[in-house]
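Single-structure report; data block below.
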Amino acid sequence: MTRWPLPEFMAIALDEARSAAEMGEVPVGAVVARDGEVIAAAHNAPRHLKDPSAHAEMLAIRRAAAALGRERLDDCELWVTLEPCAMCAGAISHARLARLYYGAADGKGGAVEQGARVFDQAQCLHRPEVYSGIGEAESAEILRKFFRERR
């Protein structure tokens, strides 16, 4: 099996996830990109910010919207190390992100291809193109290591 190098944006998201782990946060990282450039990057920070909505995706989307000066990110893509939860999938839909790329599936809290499958619901306002499994091994290993060290 040929192993291809990770796309640059997923590599950045993985670095963000490692930063989260160093802070004691669940290691998830996200990047919003447009036209081949990073618009915003973030990692999980609910404990640090004392904000349950401070998931990597939410923070990256907020920062991208502020950087671009608009709430619609329809010409952007989101790269995230873990399958988004229902809250983040809702934000992705509301932001009208064109594409979602994610690494590891999340059988417990994921809501894109697992669980609630937010984008499959009739009430979903916008459905991005979804590409899963990108950087999956690296994403999953960062998470496994983080939780193994806490047990």
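Please note that chains go A, B, ... in the order of the structure tokens, that every chain numbers its residues from 1, and that ligands are numbered from 1 in the order shown.
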
Any idea what's packed within 7 Å of Ala54 in chain A, counting only C-alpha atoms, ignoring anything in its chain fewer than 4 positions away? Could you give it as a ChimeraX atom specification?
-> /A:44-46,58-59

Atoms to include: all heavy atoms. Write the selected residues as a PDB file, in the first residue's frame.
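Output file again.pdb follows:
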ATOM      1  N   ASN A  44      -9.202  22.415  20.307  1.00  0.00           N
ATOM      2  CA  ASN A  44     -10.167  22.358  21.406  1.00  0.00           C
ATOM      3  C   ASN A  44      -9.667  23.194  22.577  1.00  0.00           C
ATOM      4  O   ASN A  44      -8.478  23.138  22.916  1.00  0.00           O
ATOM      5  CB  ASN A  44     -10.348  20.914  21.880  1.00  0.00           C
ATOM      6  CG  ASN A  44     -11.445  20.189  21.155  1.00  0.00           C
ATOM      7  OD1 ASN A  44     -12.083  20.718  20.260  1.00  0.00           O
ATOM      8  ND2 ASN A  44     -11.677  18.942  21.546  1.00  0.00           N
ATOM      9  N   ALA A  45     -10.583  23.934  23.206  1.00  0.00           N
ATOM     10  CA  ALA A  45     -10.210  24.747  24.367  1.00  0.00           C
ATOM     11  C   ALA A  45     -11.367  24.970  25.338  1.00  0.00           C
ATOM     12  O   ALA A  45     -11.416  26.002  25.987  1.00  0.00           O
ATOM     13  CB  ALA A  45      -9.645  26.079  23.892  1.00  0.00           C
ATOM     14  N   PRO A  46     -12.307  24.023  25.487  1.00  0.00           N
ATOM     15  CA  PRO A  46     -13.421  24.280  26.407  1.00  0.00           C
ATOM     16  C   PRO A  46     -12.998  24.441  27.862  1.00  0.00           C
ATOM     17  O   PRO A  46     -13.557  25.273  28.581  1.00  0.00           O
ATOM     18  CB  PRO A  46     -14.352  23.084  26.223  1.00  0.00           C
ATOM     19  CG  PRO A  46     -13.579  22.067  25.502  1.00  0.00           C
ATOM     20  CD  PRO A  46     -12.474  22.764  24.782  1.00  0.00           C
ATOM     21  N   MET A  58     -15.602  24.999  16.043  1.00  0.00           N
ATOM     22  CA  MET A  58     -16.330  26.233  16.364  1.00  0.00           C
ATOM     23  C   MET A  58     -15.383  27.426  16.397  1.00  0.00           C
ATOM     24  O   MET A  58     -15.683  28.484  15.841  1.00  0.00           O
ATOM     25  CB  MET A  58     -17.041  26.089  17.715  1.00  0.00           C
ATOM     26  CG  MET A  58     -18.063  24.964  17.772  1.00  0.00           C
ATOM     27  SD  MET A  58     -19.488  25.231  16.716  1.00  0.00           S
ATOM     28  CE  MET A  58     -20.351  26.463  17.678  1.00  0.00           C
ATOM     29  N   LEU A  59     -14.237  27.245  17.053  1.00  0.00           N
ATOM     30  CA  LEU A  59     -13.274  28.347  17.157  1.00  0.00           C
ATOM     31  C   LEU A  59     -12.704  28.712  15.790  1.00  0.00           C
ATOM     32  O   LEU A  59     -12.566  29.900  15.461  1.00  0.00           O
ATOM     33  CB  LEU A  59     -12.161  27.976  18.134  1.00  0.00           C
ATOM     34  CG  LEU A  59     -12.609  27.782  19.584  1.00  0.00           C
ATOM     35  CD1 LEU A  59     -11.453  27.255  20.438  1.00  0.00           C
ATOM     36  CD2 LEU A  59     -13.171  29.070  20.166  1.00  0.00           C
TER      37      LEU A  59
END

Identify, on the basis of only C-alpha atoms, every residue whose closest approach to Ala65 in chain A does not exceed 9 Å; exclude the query and any residue fewer than 5 positions from it along the same chain; express the result as number ranges by chain.
-> A: 39-40, 60, 70-73, 95

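Near Ala104 in chain A, within 9 Å and counting only C-alpha atoms, sit Val80, Thr81, Leu82, Glu83, Ser132, Gly133, Ile134, Gly135, Glu136, Ala137, Glu138, Ser139 and Ala140 of chain A; same-chain residues fewer than 5 positions away were not included.
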
For all heavy atoms, I'd like the residues from the last selection saved as a short mmCIF file (atom, residue, chain, number, x, y, z; two decimals), in the first residue's frame.
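Here's the written file again-v1.cif:
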data_model
loop_
_atom_site.label_atom_id
_atom_site.label_comp_id
_atom_site.auth_asym_id
_atom_site.auth_seq_id
_atom_site.Cartn_x
_atom_site.Cartn_y
_atom_site.Cartn_z
N VAL A 80 -10.44 18.95 9.84
CA VAL A 80 -10.49 18.69 11.28
C VAL A 80 -10.03 17.26 11.55
O VAL A 80 -10.27 16.36 10.74
CB VAL A 80 -11.90 18.98 11.85
CG1 VAL A 80 -12.96 18.11 11.22
CG2 VAL A 80 -11.93 18.90 13.36
N THR A 81 -9.38 17.06 12.68
CA THR A 81 -8.77 15.76 12.96
C THR A 81 -9.76 14.70 13.42
O THR A 81 -9.46 13.52 13.35
CB THR A 81 -7.66 15.92 14.02
OG1 THR A 81 -8.21 16.47 15.22
CG2 THR A 81 -6.54 16.81 13.51
N LEU A 82 -10.93 15.11 13.89
CA LEU A 82 -11.93 14.17 14.38
C LEU A 82 -13.29 14.50 13.79
O LEU A 82 -13.62 15.68 13.62
CB LEU A 82 -12.00 14.25 15.92
CG LEU A 82 -12.93 13.27 16.64
CD1 LEU A 82 -12.46 11.83 16.46
CD2 LEU A 82 -12.99 13.61 18.13
N GLU A 83 -14.06 13.49 13.52
CA GLU A 83 -15.42 13.68 13.00
C GLU A 83 -16.19 14.66 13.89
O GLU A 83 -16.26 14.48 15.10
CB GLU A 83 -16.14 12.34 12.96
CG GLU A 83 -17.57 12.43 12.47
CD GLU A 83 -18.27 11.08 12.46
OE1 GLU A 83 -17.65 10.06 12.86
OE2 GLU A 83 -19.44 11.04 12.05
N SER A 132 -13.78 11.77 4.44
CA SER A 132 -13.34 11.26 5.73
C SER A 132 -12.08 10.40 5.59
O SER A 132 -11.71 10.00 4.49
CB SER A 132 -14.45 10.44 6.38
OG SER A 132 -14.80 9.35 5.56
N GLY A 133 -11.44 10.14 6.73
CA GLY A 133 -10.29 9.25 6.77
C GLY A 133 -8.96 9.89 6.38
O GLY A 133 -7.97 9.19 6.24
N ILE A 134 -8.92 11.19 6.23
CA ILE A 134 -7.68 11.87 5.84
C ILE A 134 -6.87 12.13 7.10
O ILE A 134 -7.30 12.85 7.99
CB ILE A 134 -7.99 13.17 5.09
CG1 ILE A 134 -8.78 12.84 3.84
CG2 ILE A 134 -6.70 13.92 4.75
CD1 ILE A 134 -9.46 14.00 3.20
N GLY A 135 -5.71 11.49 7.19
CA GLY A 135 -4.91 11.59 8.41
C GLY A 135 -5.50 10.81 9.55
O GLY A 135 -5.23 11.08 10.72
N GLU A 136 -6.31 9.81 9.22
CA GLU A 136 -7.04 9.05 10.24
C GLU A 136 -6.11 8.38 11.25
O GLU A 136 -6.35 8.48 12.47
CB GLU A 136 -7.91 7.99 9.57
CG GLU A 136 -8.71 7.15 10.53
CD GLU A 136 -9.64 6.18 9.81
OE1 GLU A 136 -9.47 5.96 8.60
OE2 GLU A 136 -10.54 5.66 10.47
N ALA A 137 -5.07 7.72 10.78
CA ALA A 137 -4.17 7.00 11.70
C ALA A 137 -3.50 7.96 12.68
O ALA A 137 -3.46 7.70 13.89
CB ALA A 137 -3.12 6.22 10.90
N GLU A 138 -3.01 9.08 12.17
CA GLU A 138 -2.33 10.06 13.02
C GLU A 138 -3.31 10.69 14.01
O GLU A 138 -3.01 10.85 15.20
CB GLU A 138 -1.67 11.15 12.19
CG GLU A 138 -0.54 10.65 11.32
CD GLU A 138 -0.97 10.16 9.94
OE1 GLU A 138 -2.16 9.80 9.76
OE2 GLU A 138 -0.13 10.14 9.03
N SER A 139 -4.49 11.02 13.53
CA SER A 139 -5.52 11.62 14.39
C SER A 139 -5.91 10.67 15.51
O SER A 139 -5.99 11.07 16.68
CB SER A 139 -6.76 11.98 13.56
OG SER A 139 -6.46 12.93 12.57
N ALA A 140 -6.16 9.44 15.16
CA ALA A 140 -6.58 8.44 16.15
C ALA A 140 -5.47 8.18 17.15
O ALA A 140 -5.74 8.03 18.36
CB ALA A 140 -6.99 7.15 15.44
#

Shell of 9 Å around range 129-131 of chain A, only C-alpha atoms, local chain residues under 6 positions omitted, as a list in words = Leu97, Ala98, Arg99, Leu100, Tyr101, Tyr102, Gly103 and Val112 of chain A

Pick out the residues sitting within 8 Å of Cys85 in chain A, and hand them over as an mmCIF file with C-alpha atoms, in the first residue's frame; count only C-alpha atoms, and ignore anything fewer than 6 positions along from it in its own chain.
data_model
loop_
_atom_site.group_PDB
_atom_site.id
_atom_site.type_symbol
_atom_site.label_atom_id
_atom_site.label_comp_id
_atom_site.auth_asym_id
_atom_site.auth_seq_id
_atom_site.Cartn_x
_atom_site.Cartn_y
_atom_site.Cartn_z
ATOM 1 C CA GLY A 109 -19.824 11.648 19.553
ATOM 2 C CA GLY A 110 -19.519 11.998 15.797
ATOM 3 C CA ALA A 111 -22.553 13.269 13.923
ATOM 4 C CA VAL A 112 -21.502 13.277 10.273
#

Just give me the gap between CA of Ala64 in chain A and CA of Gly107 in chain A in Å, one decimal is fine.
->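 Computed distance, CA of Ala64 in chain A to CA of Gly107 in chain A, equals 27.8 Å.
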